[in-house]
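Student: Please read through the structure below; I'll follow up with questions.
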Amino acid sequence: MSQEESDISLIIAQIVQKLKGSNLYAQLERQAWASLQRPEIKLESLKEDIKEFFKISGWEKKLQNAVYSELSVFPLPSHPAAPPEHLKEPLVYMRKAQGSWEKRILKSLNSMCTELSIPLARKRPVGEQKELLNKWNEMGTDEPDLSLFRPVYAPKDFLEVLINLRNPNYENGDSLSFRTHLGLIQVPLKVKDIPELKECFIELGLNTGQLGIDDSTQVPPELFENEHVRIGQKVLAEQDSAAAQQYVRQGSPTALRAELWALILNISSQPEDILYYEQLKTNVIQHDLLVDSLIYKDVKLTASNDDYYFVFEDYLYQVLLCFSRDTSVLSHFAYNSASPPKSYIRGKLGLEEYAVFYPPNGVIPFHGFSMYVAPLCFLYHEPSKLYQIFREMYVRFFFRLHSISSHPSGIVSLCLLFETLLQTYLPQLFYHLREIGAQPLRISFKWMVRAFSGYLATDQLLLLWDRILGYNSLEILAVLAAAVFAFRAVNLMEVTSLAAAEAVLADLSTLKVMPLLQIFLFATVT
């Protein structure tokens, strides 16, 4: 057996093992037993007949979607003998940096806990539980005093950590190319250049129809839009996740987007999913966590002040409070370079058997975290469905934007890709900004960490997130950040300070995402 075949058989075994614990497996088993009563199922051809029954009844498609969903978050291929931490992050210095960053976050959380004399968690008195339950759908009207709470960290704190990241085995001396010293990110990771990006994002080419360009009022709908909508409806009728992922690379029609994203993420609201959400809600009602105040504070500081998202304030509280209690999120740490923080039951400090993950989902929210949820509120109005979509988006994509790793979609690679694109294709602009103390990454980092949420107009942001889902990659964030600098290059060449450069790039709400990406990738001379 070749290495490739053994790799595939290992992947199959792991996916089968994972699916065996799922609700789908139980449903398939029930259907298989029920099918034995059917006259067309013969004992001598049992296996083939049941396979055929699954195909006709649509269960085969559901199984395919579940496998495709597992494959989309499956770790990159590694040596079969590699230890578990290598699946999380193969580079030792990245793992160490992530570990020390986590200690800093936890120290910040614990010091706030001590300063304010507030426990990490407490059971709410019955009166408080009733009060919270009554105002569950209008938590935005609540005005708790949060003046003493501060975000555990902000994107700019995280950027400083990334700037100081070094590979100890890599000699960064004068003998190396001059270019390596220009950017803020000084780690040697392989990132794509424009020819490779063109190949990767081939469906964004100038000769391919795009929603975000070819659906503008000047273009007759019969040229592209009508046909694209018709194909979208067919994709939804087929219920095929892989086809939906390919389809949204050209953009998703507004009316079909919610269903298409749910299909790509393999989310179908089953009664047990709604029940699970209700259980999380009960947990929120019964227990008060310190992170609840951090979530309240973050929503008040970000989404509540946003012209697009302030109306969704109640939804944001509901989703994020439930998210903090969801222990199923812990499973993504198998392929996340981060590890969930631990705390100890009071009076049992240091005793491992009394250690618990805190918060229960293992994710400490930071300044701007609520902006990952806000755009989804435009698509989903039923809280349990909104919750499931956000959770899946987080464990597939968003966690990579605030953890240190060498993954191509990780924030370190995105920063390096952004700086490399600017240095290579706009060297004069890059050098000018660097000389005046306005390193481009200091401006663009906050856009990428939030996946541009809160910076672009919502219709443009959803077109961008279509492509993230379509390509199962966050690299397009770095490309767009570089494209924004290219678009404003003439103005930026005139500025003489960081404040002036930030002013030029302060408002991105009028930008059109798809023309920017197309021009930067396919109309730039390489």
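Simple scheme: letters A, B, ... for chains in structure tokens order, numbers from 1 for residues in each chain, numbers from 1 for ligands in the order shown.
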When you look at segment 455-466 of chain A with a cut-off of 8 Å (counting only C-alpha atoms), what residues show up, excluding the ones that are within fewer than 4 positions of it in the same chain? I need them as a PDB file with all heavy atoms, in the first residue's frame.
Tutor:
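Output file result_25.pdb follows:
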```
ATOM      1  N   LEU A 211     -21.311  38.003  -8.687  1.00  0.00           N
ATOM      2  CA  LEU A 211     -22.235  38.848  -7.936  1.00  0.00           C
ATOM      3  C   LEU A 211     -21.362  39.819  -7.145  1.00  0.00           C
ATOM      4  O   LEU A 211     -20.387  39.428  -6.528  1.00  0.00           O
ATOM      5  CB  LEU A 211     -23.087  38.020  -6.984  1.00  0.00           C
ATOM      6  CG  LEU A 211     -24.180  37.161  -7.632  1.00  0.00           C
ATOM      7  CD1 LEU A 211     -25.052  36.522  -6.571  1.00  0.00           C
ATOM      8  CD2 LEU A 211     -25.052  37.972  -8.578  1.00  0.00           C
ATOM      9  N   GLY A 212     -21.724  41.082  -7.186  1.00  0.00           N
ATOM     10  CA  GLY A 212     -20.856  42.112  -6.618  1.00  0.00           C
ATOM     11  C   GLY A 212     -20.282  42.969  -7.731  1.00  0.00           C
ATOM     12  O   GLY A 212     -19.685  44.010  -7.488  1.00  0.00           O
ATOM     13  N   VAL A 248     -20.912  29.408  -4.479  1.00  0.00           N
ATOM     14  CA  VAL A 248     -20.800  30.730  -3.848  1.00  0.00           C
ATOM     15  C   VAL A 248     -19.461  31.418  -4.133  1.00  0.00           C
ATOM     16  O   VAL A 248     -19.261  32.563  -3.757  1.00  0.00           O
ATOM     17  CB  VAL A 248     -21.046  30.704  -2.312  1.00  0.00           C
ATOM     18  CG1 VAL A 248     -22.435  30.218  -1.990  1.00  0.00           C
ATOM     19  CG2 VAL A 248     -19.988  29.908  -1.574  1.00  0.00           C
ATOM     20  N   ARG A 249     -18.551  30.732  -4.814  1.00  0.00           N
ATOM     21  CA  ARG A 249     -17.302  31.391  -5.232  1.00  0.00           C
ATOM     22  C   ARG A 249     -17.594  32.565  -6.174  1.00  0.00           C
ATOM     23  O   ARG A 249     -16.806  33.502  -6.263  1.00  0.00           O
ATOM     24  CB  ARG A 249     -16.369  30.392  -5.925  1.00  0.00           C
ATOM     25  CG  ARG A 249     -15.818  29.347  -4.976  1.00  0.00           C
ATOM     26  CD  ARG A 249     -14.921  28.344  -5.676  1.00  0.00           C
ATOM     27  NE  ARG A 249     -14.358  27.400  -4.691  1.00  0.00           N
ATOM     28  CZ  ARG A 249     -13.392  26.536  -4.959  1.00  0.00           C
ATOM     29  NH1 ARG A 249     -12.881  26.472  -6.179  1.00  0.00           N
ATOM     30  NH2 ARG A 249     -12.935  25.721  -4.023  1.00  0.00           N
ATOM     31  N   GLY A 251     -20.312  34.294  -5.745  1.00  0.00           N
ATOM     32  CA  GLY A 251     -21.247  35.126  -4.974  1.00  0.00           C
ATOM     33  C   GLY A 251     -22.596  34.457  -4.834  1.00  0.00           C
ATOM     34  O   GLY A 251     -23.004  33.665  -5.678  1.00  0.00           O
ATOM     35  N   SER A 252     -23.261  34.791  -3.753  1.00  0.00           N
ATOM     36  CA  SER A 252     -24.567  34.182  -3.479  1.00  0.00           C
ATOM     37  C   SER A 252     -25.664  35.225  -3.638  1.00  0.00           C
ATOM     38  O   SER A 252     -25.548  36.324  -3.103  1.00  0.00           O
ATOM     39  CB  SER A 252     -24.553  33.643  -2.051  1.00  0.00           C
ATOM     40  OG  SER A 252     -25.839  33.226  -1.697  1.00  0.00           O
ATOM     41  N   TYR A 308     -25.027  49.736  11.246  1.00  0.00           N
ATOM     42  CA  TYR A 308     -25.659  48.572  10.629  1.00  0.00           C
ATOM     43  C   TYR A 308     -26.197  47.594  11.668  1.00  0.00           C
ATOM     44  O   TYR A 308     -27.208  46.935  11.454  1.00  0.00           O
ATOM     45  CB  TYR A 308     -24.652  47.806   9.750  1.00  0.00           C
ATOM     46  CG  TYR A 308     -24.180  48.569   8.530  1.00  0.00           C
ATOM     47  CD1 TYR A 308     -22.890  49.095   8.478  1.00  0.00           C
ATOM     48  CD2 TYR A 308     -25.018  48.748   7.433  1.00  0.00           C
ATOM     49  CE1 TYR A 308     -22.444  49.792   7.350  1.00  0.00           C
ATOM     50  CE2 TYR A 308     -24.590  49.443   6.309  1.00  0.00           C
ATOM     51  CZ  TYR A 308     -23.300  49.959   6.274  1.00  0.00           C
ATOM     52  OH  TYR A 308     -22.864  50.649   5.163  1.00  0.00           O
ATOM     53  N   PRO A 375     -22.891  40.309  11.494  1.00  0.00           N
ATOM     54  CA  PRO A 375     -23.381  40.231  10.106  1.00  0.00           C
ATOM     55  C   PRO A 375     -24.334  39.068   9.868  1.00  0.00           C
ATOM     56  O   PRO A 375     -25.203  39.142   8.998  1.00  0.00           O
ATOM     57  CB  PRO A 375     -22.096  40.051   9.279  1.00  0.00           C
ATOM     58  CG  PRO A 375     -20.995  40.532  10.169  1.00  0.00           C
ATOM     59  CD  PRO A 375     -21.428  40.201  11.559  1.00  0.00           C
ATOM     60  N   TRP A 447      -8.632  45.134  10.517  1.00  0.00           N
ATOM     61  CA  TRP A 447      -9.591  44.689   9.501  1.00  0.00           C
ATOM     62  C   TRP A 447      -9.569  43.170   9.409  1.00  0.00           C
ATOM     63  O   TRP A 447     -10.615  42.526   9.378  1.00  0.00           O
ATOM     64  CB  TRP A 447      -9.246  45.239   8.116  1.00  0.00           C
ATOM     65  CG  TRP A 447      -9.094  46.716   7.993  1.00  0.00           C
ATOM     66  CD1 TRP A 447      -9.577  47.683   8.820  1.00  0.00           C
ATOM     67  CD2 TRP A 447      -8.372  47.401   6.949  1.00  0.00           C
ATOM     68  NE1 TRP A 447      -9.215  48.928   8.362  1.00  0.00           N
ATOM     69  CE2 TRP A 447      -8.480  48.786   7.221  1.00  0.00           C
ATOM     70  CE3 TRP A 447      -7.670  46.991   5.825  1.00  0.00           C
ATOM     71  CZ2 TRP A 447      -7.896  49.756   6.400  1.00  0.00           C
ATOM     72  CZ3 TRP A 447      -7.085  47.949   4.998  1.00  0.00           C
ATOM     73  CH2 TRP A 447      -7.199  49.325   5.291  1.00  0.00           C
ATOM     74  N   GLY A 470     -16.685  29.793   0.137  1.00  0.00           N
ATOM     75  CA  GLY A 470     -16.492  29.125  -1.157  1.00  0.00           C
ATOM     76  C   GLY A 470     -15.113  28.500  -1.299  1.00  0.00           C
ATOM     77  O   GLY A 470     -14.968  27.405  -1.849  1.00  0.00           O
ATOM     78  N   ASP A 507     -12.484  55.192   6.539  1.00  0.00           N
ATOM     79  CA  ASP A 507     -13.840  54.803   6.125  1.00  0.00           C
ATOM     80  C   ASP A 507     -13.776  53.882   4.911  1.00  0.00           C
ATOM     81  O   ASP A 507     -13.438  54.314   3.813  1.00  0.00           O
ATOM     82  CB  ASP A 507     -14.655  56.064   5.800  1.00  0.00           C
ATOM     83  CG  ASP A 507     -16.085  55.715   5.417  1.00  0.00           C
ATOM     84  OD1 ASP A 507     -16.504  54.565   5.654  1.00  0.00           O
ATOM     85  OD2 ASP A 507     -16.791  56.589   4.867  1.00  0.00           O
ATOM     86  N   LEU A 508     -14.086  52.598   5.128  1.00  0.00           N
ATOM     87  CA  LEU A 508     -14.094  51.636   4.014  1.00  0.00           C
ATOM     88  C   LEU A 508     -15.521  51.316   3.567  1.00  0.00           C
ATOM     89  O   LEU A 508     -15.739  50.459   2.721  1.00  0.00           O
ATOM     90  CB  LEU A 508     -13.411  50.320   4.441  1.00  0.00           C
ATOM     91  CG  LEU A 508     -12.010  50.386   5.058  1.00  0.00           C
ATOM     92  CD1 LEU A 508     -11.470  48.975   5.269  1.00  0.00           C
ATOM     93  CD2 LEU A 508     -11.046  51.183   4.197  1.00  0.00           C
ATOM     94  N   SER A 509     -16.502  52.026   4.154  1.00  0.00           N
ATOM     95  CA  SER A 509     -17.906  51.644   3.939  1.00  0.00           C
ATOM     96  C   SER A 509     -18.399  51.909   2.517  1.00  0.00           C
ATOM     97  O   SER A 509     -19.440  51.403   2.126  1.00  0.00           O
ATOM     98  CB  SER A 509     -18.814  52.360   4.944  1.00  0.00           C
ATOM     99  OG  SER A 509     -18.730  53.759   4.751  1.00  0.00           O
ATOM    100  N   THR A 510     -17.647  52.700   1.741  1.00  0.00           N
ATOM    101  CA  THR A 510     -18.086  52.972   0.362  1.00  0.00           C
ATOM    102  C   THR A 510     -17.404  52.048  -0.653  1.00  0.00           C
ATOM    103  O   THR A 510     -17.710  52.103  -1.840  1.00  0.00           O
ATOM    104  CB  THR A 510     -17.758  54.432  -0.015  1.00  0.00           C
ATOM    105  OG1 THR A 510     -16.348  54.639   0.174  1.00  0.00           O
ATOM    106  CG2 THR A 510     -18.529  55.413   0.851  1.00  0.00           C
ATOM    107  N   LEU A 511     -16.478  51.208  -0.184  1.00  0.00           N
ATOM    108  CA  LEU A 511     -15.706  50.359  -1.110  1.00  0.00           C
ATOM    109  C   LEU A 511     -16.541  49.191  -1.633  1.00  0.00           C
ATOM    110  O   LEU A 511     -17.392  48.655  -0.936  1.00  0.00           O
ATOM    111  CB  LEU A 511     -14.463  49.800  -0.412  1.00  0.00           C
ATOM    112  CG  LEU A 511     -13.420  50.815   0.057  1.00  0.00           C
ATOM    113  CD1 LEU A 511     -12.242  50.098   0.683  1.00  0.00           C
ATOM    114  CD2 LEU A 511     -12.943  51.699  -1.083  1.00  0.00           C
ATOM    115  N   LYS A 512     -16.256  48.808  -2.874  1.00  0.00           N
ATOM    116  CA  LYS A 512     -16.881  47.638  -3.492  1.00  0.00           C
ATOM    117  C   LYS A 512     -15.832  46.517  -3.544  1.00  0.00           C
ATOM    118  O   LYS A 512     -14.802  46.651  -4.204  1.00  0.00           O
ATOM    119  CB  LYS A 512     -17.369  47.963  -4.910  1.00  0.00           C
ATOM    120  CG  LYS A 512     -18.389  49.091  -4.962  1.00  0.00           C
ATOM    121  CD  LYS A 512     -19.757  48.609  -4.517  1.00  0.00           C
ATOM    122  CE  LYS A 512     -20.820  49.690  -4.617  1.00  0.00           C
ATOM    123  NZ  LYS A 512     -21.523  49.900  -3.356  1.00  0.00           N
ATOM    124  N   VAL A 513     -16.124  45.446  -2.847  1.00  0.00           N
ATOM    125  CA  VAL A 513     -15.138  44.380  -2.630  1.00  0.00           C
ATOM    126  C   VAL A 513     -14.687  43.693  -3.914  1.00  0.00           C
ATOM    127  O   VAL A 513     -13.498  43.539  -4.175  1.00  0.00           O
ATOM    128  CB  VAL A 513     -15.737  43.324  -1.651  1.00  0.00           C
ATOM    129  CG1 VAL A 513     -14.955  42.029  -1.668  1.00  0.00           C
ATOM    130  CG2 VAL A 513     -15.771  43.898  -0.246  1.00  0.00           C
ATOM    131  N   MET A 514     -15.641  43.256  -4.723  1.00  0.00           N
ATOM    132  CA  MET A 514     -15.279  42.419  -5.873  1.00  0.00           C
ATOM    133  C   MET A 514     -14.449  43.155  -6.934  1.00  0.00           C
ATOM    134  O   MET A 514     -13.453  42.616  -7.410  1.00  0.00           O
ATOM    135  CB  MET A 514     -16.538  41.780  -6.494  1.00  0.00           C
ATOM    136  CG  MET A 514     -17.173  40.721  -5.622  1.00  0.00           C
ATOM    137  SD  MET A 514     -15.996  39.617  -4.811  1.00  0.00           S
ATOM    138  CE  MET A 514     -15.171  38.894  -6.224  1.00  0.00           C
TER     139      MET A 514
END
```
Student: Counting only C-alpha atoms, which residue out of A:Lys61, A:Lys385, A:His407, A:Lys281 sits closest to Ala258 of chain A?
Tutor: A:Lys385
Student: Write out as a PDB file with C-alpha atoms, in the first residue's frame the set of residues from segment 146-360 of chain A that DSSP, computed on the backbone, places in alpha helix (DSSP H).
Tutor:
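File result.pdb, as written:
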```
ATOM      1  CA  PRO A 155      -6.282  43.413  18.465  1.00  0.00           C
ATOM      2  CA  LYS A 156      -3.397  45.895  18.840  1.00  0.00           C
ATOM      3  CA  ASP A 157      -2.086  43.961  21.905  1.00  0.00           C
ATOM      4  CA  PHE A 158      -2.186  40.769  19.860  1.00  0.00           C
ATOM      5  CA  LEU A 159      -0.330  42.454  16.986  1.00  0.00           C
ATOM      6  CA  GLU A 160       2.573  43.354  19.312  1.00  0.00           C
ATOM      7  CA  VAL A 161       2.918  39.655  20.183  1.00  0.00           C
ATOM      8  CA  LEU A 162       3.009  38.698  16.482  1.00  0.00           C
ATOM      9  CA  ILE A 163       5.609  41.406  15.723  1.00  0.00           C
ATOM     10  CA  ILE A 194      -0.024  36.794  -7.135  1.00  0.00           C
ATOM     11  CA  PRO A 195       0.372  34.070  -9.828  1.00  0.00           C
ATOM     12  CA  GLU A 196      -0.409  31.415  -7.188  1.00  0.00           C
ATOM     13  CA  LEU A 197      -3.326  33.468  -5.837  1.00  0.00           C
ATOM     14  CA  LYS A 198      -4.698  33.836  -9.383  1.00  0.00           C
ATOM     15  CA  GLU A 199      -4.632  30.071  -9.740  1.00  0.00           C
ATOM     16  CA  CYS A 200      -6.240  29.579  -6.321  1.00  0.00           C
ATOM     17  CA  GLU A 225     -27.848  37.324 -12.667  1.00  0.00           C
ATOM     18  CA  ASN A 226     -31.009  35.456 -13.732  1.00  0.00           C
ATOM     19  CA  GLU A 227     -29.099  32.341 -14.781  1.00  0.00           C
ATOM     20  CA  HIS A 228     -26.944  32.432 -11.612  1.00  0.00           C
ATOM     21  CA  VAL A 229     -30.077  32.573  -9.426  1.00  0.00           C
ATOM     22  CA  ARG A 230     -31.602  29.658 -11.366  1.00  0.00           C
ATOM     23  CA  ILE A 231     -28.454  27.547 -10.809  1.00  0.00           C
ATOM     24  CA  GLY A 232     -28.499  28.507  -7.115  1.00  0.00           C
ATOM     25  CA  GLN A 233     -32.059  27.233  -6.752  1.00  0.00           C
ATOM     26  CA  LYS A 234     -31.022  23.973  -8.439  1.00  0.00           C
ATOM     27  CA  VAL A 235     -28.048  23.593  -6.048  1.00  0.00           C
ATOM     28  CA  LEU A 236     -30.409  24.050  -3.081  1.00  0.00           C
ATOM     29  CA  ALA A 237     -32.852  21.527  -4.522  1.00  0.00           C
ATOM     30  CA  GLU A 238     -29.998  18.990  -4.830  1.00  0.00           C
ATOM     31  CA  SER A 241     -22.691  20.859   0.193  1.00  0.00           C
ATOM     32  CA  ALA A 242     -19.782  20.558  -2.250  1.00  0.00           C
ATOM     33  CA  ALA A 243     -21.830  22.030  -5.115  1.00  0.00           C
ATOM     34  CA  ALA A 244     -23.004  24.903  -2.878  1.00  0.00           C
ATOM     35  CA  GLN A 245     -19.398  25.676  -1.888  1.00  0.00           C
ATOM     36  CA  GLN A 246     -18.336  25.815  -5.535  1.00  0.00           C
ATOM     37  CA  TYR A 247     -21.380  27.945  -6.413  1.00  0.00           C
ATOM     38  CA  ARG A 257     -27.588  33.187   0.869  1.00  0.00           C
ATOM     39  CA  ALA A 258     -28.965  32.004   4.233  1.00  0.00           C
ATOM     40  CA  GLU A 259     -29.896  28.566   2.852  1.00  0.00           C
ATOM     41  CA  LEU A 260     -26.672  28.200   0.844  1.00  0.00           C
ATOM     42  CA  TRP A 261     -24.437  29.010   3.820  1.00  0.00           C
ATOM     43  CA  ALA A 262     -26.396  26.568   6.011  1.00  0.00           C
ATOM     44  CA  LEU A 263     -25.939  23.884   3.329  1.00  0.00           C
ATOM     45  CA  ILE A 264     -22.165  24.528   3.045  1.00  0.00           C
ATOM     46  CA  PRO A 271     -35.504  19.325  16.905  1.00  0.00           C
ATOM     47  CA  GLU A 272     -32.489  18.127  18.951  1.00  0.00           C
ATOM     48  CA  ASP A 273     -30.463  21.200  17.837  1.00  0.00           C
ATOM     49  CA  ILE A 274     -33.202  23.523  19.081  1.00  0.00           C
ATOM     50  CA  LEU A 275     -33.355  21.541  22.333  1.00  0.00           C
ATOM     51  CA  TYR A 276     -29.551  21.839  22.723  1.00  0.00           C
ATOM     52  CA  TYR A 277     -29.780  25.620  22.276  1.00  0.00           C
ATOM     53  CA  GLU A 278     -32.529  25.742  24.931  1.00  0.00           C
ATOM     54  CA  GLN A 279     -30.268  23.800  27.313  1.00  0.00           C
ATOM     55  CA  LEU A 280     -27.485  26.353  26.786  1.00  0.00           C
ATOM     56  CA  LYS A 281     -29.999  29.127  27.441  1.00  0.00           C
ATOM     57  CA  THR A 282     -31.027  27.413  30.723  1.00  0.00           C
ATOM     58  CA  ASN A 283     -27.367  27.291  31.727  1.00  0.00           C
ATOM     59  CA  VAL A 284     -27.060  31.054  31.096  1.00  0.00           C
ATOM     60  CA  ILE A 285     -30.186  31.689  33.199  1.00  0.00           C
ATOM     61  CA  GLN A 286     -28.876  29.581  36.093  1.00  0.00           C
ATOM     62  CA  LEU A 290     -17.331  36.775  34.647  1.00  0.00           C
ATOM     63  CA  VAL A 291     -17.072  36.484  30.844  1.00  0.00           C
ATOM     64  CA  ASP A 292     -20.764  37.517  30.625  1.00  0.00           C
ATOM     65  CA  SER A 293     -19.722  41.019  31.670  1.00  0.00           C
ATOM     66  CA  LEU A 294     -16.933  40.985  29.054  1.00  0.00           C
ATOM     67  CA  ILE A 295     -19.520  40.031  26.399  1.00  0.00           C
ATOM     68  CA  TYR A 296     -21.901  42.810  27.548  1.00  0.00           C
ATOM     69  CA  LYS A 297     -19.059  45.319  27.501  1.00  0.00           C
ATOM     70  CA  ASP A 298     -17.886  44.239  24.037  1.00  0.00           C
ATOM     71  CA  VAL A 299     -21.358  44.478  22.490  1.00  0.00           C
ATOM     72  CA  LYS A 300     -21.865  47.933  24.076  1.00  0.00           C
ATOM     73  CA  LEU A 301     -18.468  49.148  22.776  1.00  0.00           C
ATOM     74  CA  GLU A 313     -28.030  43.911  20.165  1.00  0.00           C
ATOM     75  CA  ASP A 314     -30.429  41.395  21.829  1.00  0.00           C
ATOM     76  CA  TYR A 315     -29.524  38.633  19.356  1.00  0.00           C
ATOM     77  CA  LEU A 316     -25.815  39.204  20.033  1.00  0.00           C
ATOM     78  CA  TYR A 317     -26.235  38.787  23.794  1.00  0.00           C
ATOM     79  CA  GLN A 318     -28.281  35.617  23.337  1.00  0.00           C
ATOM     80  CA  VAL A 319     -25.851  33.982  20.908  1.00  0.00           C
ATOM     81  CA  LEU A 320     -22.626  34.954  22.692  1.00  0.00           C
ATOM     82  CA  LEU A 321     -23.842  34.077  26.199  1.00  0.00           C
ATOM     83  CA  CYS A 322     -24.957  30.636  24.969  1.00  0.00           C
ATOM     84  CA  PHE A 323     -21.682  30.227  23.036  1.00  0.00           C
ATOM     85  CA  SER A 324     -19.627  30.737  26.207  1.00  0.00           C
ATOM     86  CA  ARG A 325     -21.405  27.724  27.811  1.00  0.00           C
TER      87      ARG A 325
END
```
Student: Between atom CA of Asp326 of chain A and atom CA of Arg400 of chain A, measure the distance and give it in Å to one decimal.
Tutor: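 About the pair atom CA of Asp326 of chain A and atom CA of Arg400 of chain A: they are 18.7 Å apart.
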Student: Expressed in Å to a single decimal, how great is the separation between atom CA of Ile476 of chain A and atom CA of Ile389 of chain A?
Tutor: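 Spanning atom CA of Ile476 of chain A to atom CA of Ile389 of chain A is a straight-line distance of 20.6 Å.
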Student: List the neighbours of Ser331 of chain A out to 9 Å using only C-alpha atoms; skip same-chain residues closer than 4 positions along the sequence, and give me the result as a ChimeraX atom specification.
Tutor: /A:327,335,395
Student: Only all heavy atoms, please: the residues just picked out, written as a PDB file, in the first residue's frame.
Tutor:
```
ATOM      1  N   THR A 327     -19.905  23.405  25.533  1.00  0.00           N
ATOM      2  CA  THR A 327     -18.703  22.562  25.633  1.00  0.00           C
ATOM      3  C   THR A 327     -18.392  21.827  24.321  1.00  0.00           C
ATOM      4  O   THR A 327     -17.287  21.322  24.153  1.00  0.00           O
ATOM      5  CB  THR A 327     -18.865  21.518  26.752  1.00  0.00           C
ATOM      6  OG1 THR A 327     -20.098  20.821  26.556  1.00  0.00           O
ATOM      7  CG2 THR A 327     -18.872  22.173  28.122  1.00  0.00           C
ATOM      8  N   TYR A 335      -7.590  20.733  16.473  1.00  0.00           N
ATOM      9  CA  TYR A 335      -6.851  21.262  15.314  1.00  0.00           C
ATOM     10  C   TYR A 335      -6.575  22.762  15.432  1.00  0.00           C
ATOM     11  O   TYR A 335      -6.224  23.426  14.453  1.00  0.00           O
ATOM     12  CB  TYR A 335      -7.601  20.949  14.003  1.00  0.00           C
ATOM     13  CG  TYR A 335      -9.049  21.382  13.977  1.00  0.00           C
ATOM     14  CD1 TYR A 335      -9.406  22.668  13.595  1.00  0.00           C
ATOM     15  CD2 TYR A 335     -10.076  20.504  14.325  1.00  0.00           C
ATOM     16  CE1 TYR A 335     -10.733  23.075  13.567  1.00  0.00           C
ATOM     17  CE2 TYR A 335     -11.401  20.891  14.305  1.00  0.00           C
ATOM     18  CZ  TYR A 335     -11.719  22.181  13.925  1.00  0.00           C
ATOM     19  OH  TYR A 335     -13.042  22.582  13.902  1.00  0.00           O
ATOM     20  N   VAL A 395     -15.713  27.657  14.499  1.00  0.00           N
ATOM     21  CA  VAL A 395     -14.801  26.505  14.598  1.00  0.00           C
ATOM     22  C   VAL A 395     -14.166  26.156  13.250  1.00  0.00           C
ATOM     23  O   VAL A 395     -13.194  25.405  13.204  1.00  0.00           O
ATOM     24  CB  VAL A 395     -15.478  25.250  15.212  1.00  0.00           C
ATOM     25  CG1 VAL A 395     -15.988  25.546  16.615  1.00  0.00           C
ATOM     26  CG2 VAL A 395     -16.598  24.715  14.340  1.00  0.00           C
TER      27      VAL A 395
END
```
Student: List the spatial neighbours of Ala338 of chain A as a count of residues only - criterion: any atom at most 7 Å away, only C-alpha atoms, same-chain residues fewer than 5 positions off excluded.
Tutor: 3
Student: For a quick check of understanding, using only C-alpha atoms, which of A:Asp193, A:Ser497, A:Lys47, A:Leu223 has the smallest distance to Tyr425 of chain A?
Tutor: A:Asp193
Student: Determine, counting only C-alpha atoms, which protein, DNA and RNA residues have an atom within 8 Å of an atom of Cys377 of chain A; residues of the same chain fewer than 4 positions away are not included. Present the result as a list in words.
Tutor: Phe312, Tyr315, Val373, His381 and Leu386 of chain A
Student: Kindly export the residues of the current selection with C-alpha atoms, as a PDB file, in the first residue's frame.
Tutor:
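Dumped everything to result.pdb:
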```pdb
ATOM      1  CA  PHE A 312     -29.320  43.225  16.663  1.00  0.00           C
ATOM      2  CA  TYR A 315     -29.524  38.633  19.356  1.00  0.00           C
ATOM      3  CA  VAL A 373     -21.815  37.326  14.957  1.00  0.00           C
ATOM      4  CA  HIS A 381     -33.682  35.533  12.531  1.00  0.00           C
ATOM      5  CA  LEU A 386     -28.252  31.842  14.056  1.00  0.00           C
TER       6      LEU A 386
END
```
Student: Using only C-alpha atoms, can you tell me which of A:Leu289, A:Leu10, A:Ala34, A:Leu148 comes closest to Tyr358 of chain A?
Tutor: A:Leu289
Student: At what distance in Å, to one decimal, does atom CA of Ser406 of chain A lie from atom CA of Gln428 of chain A?
Tutor: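 The value is 28.5 Å.
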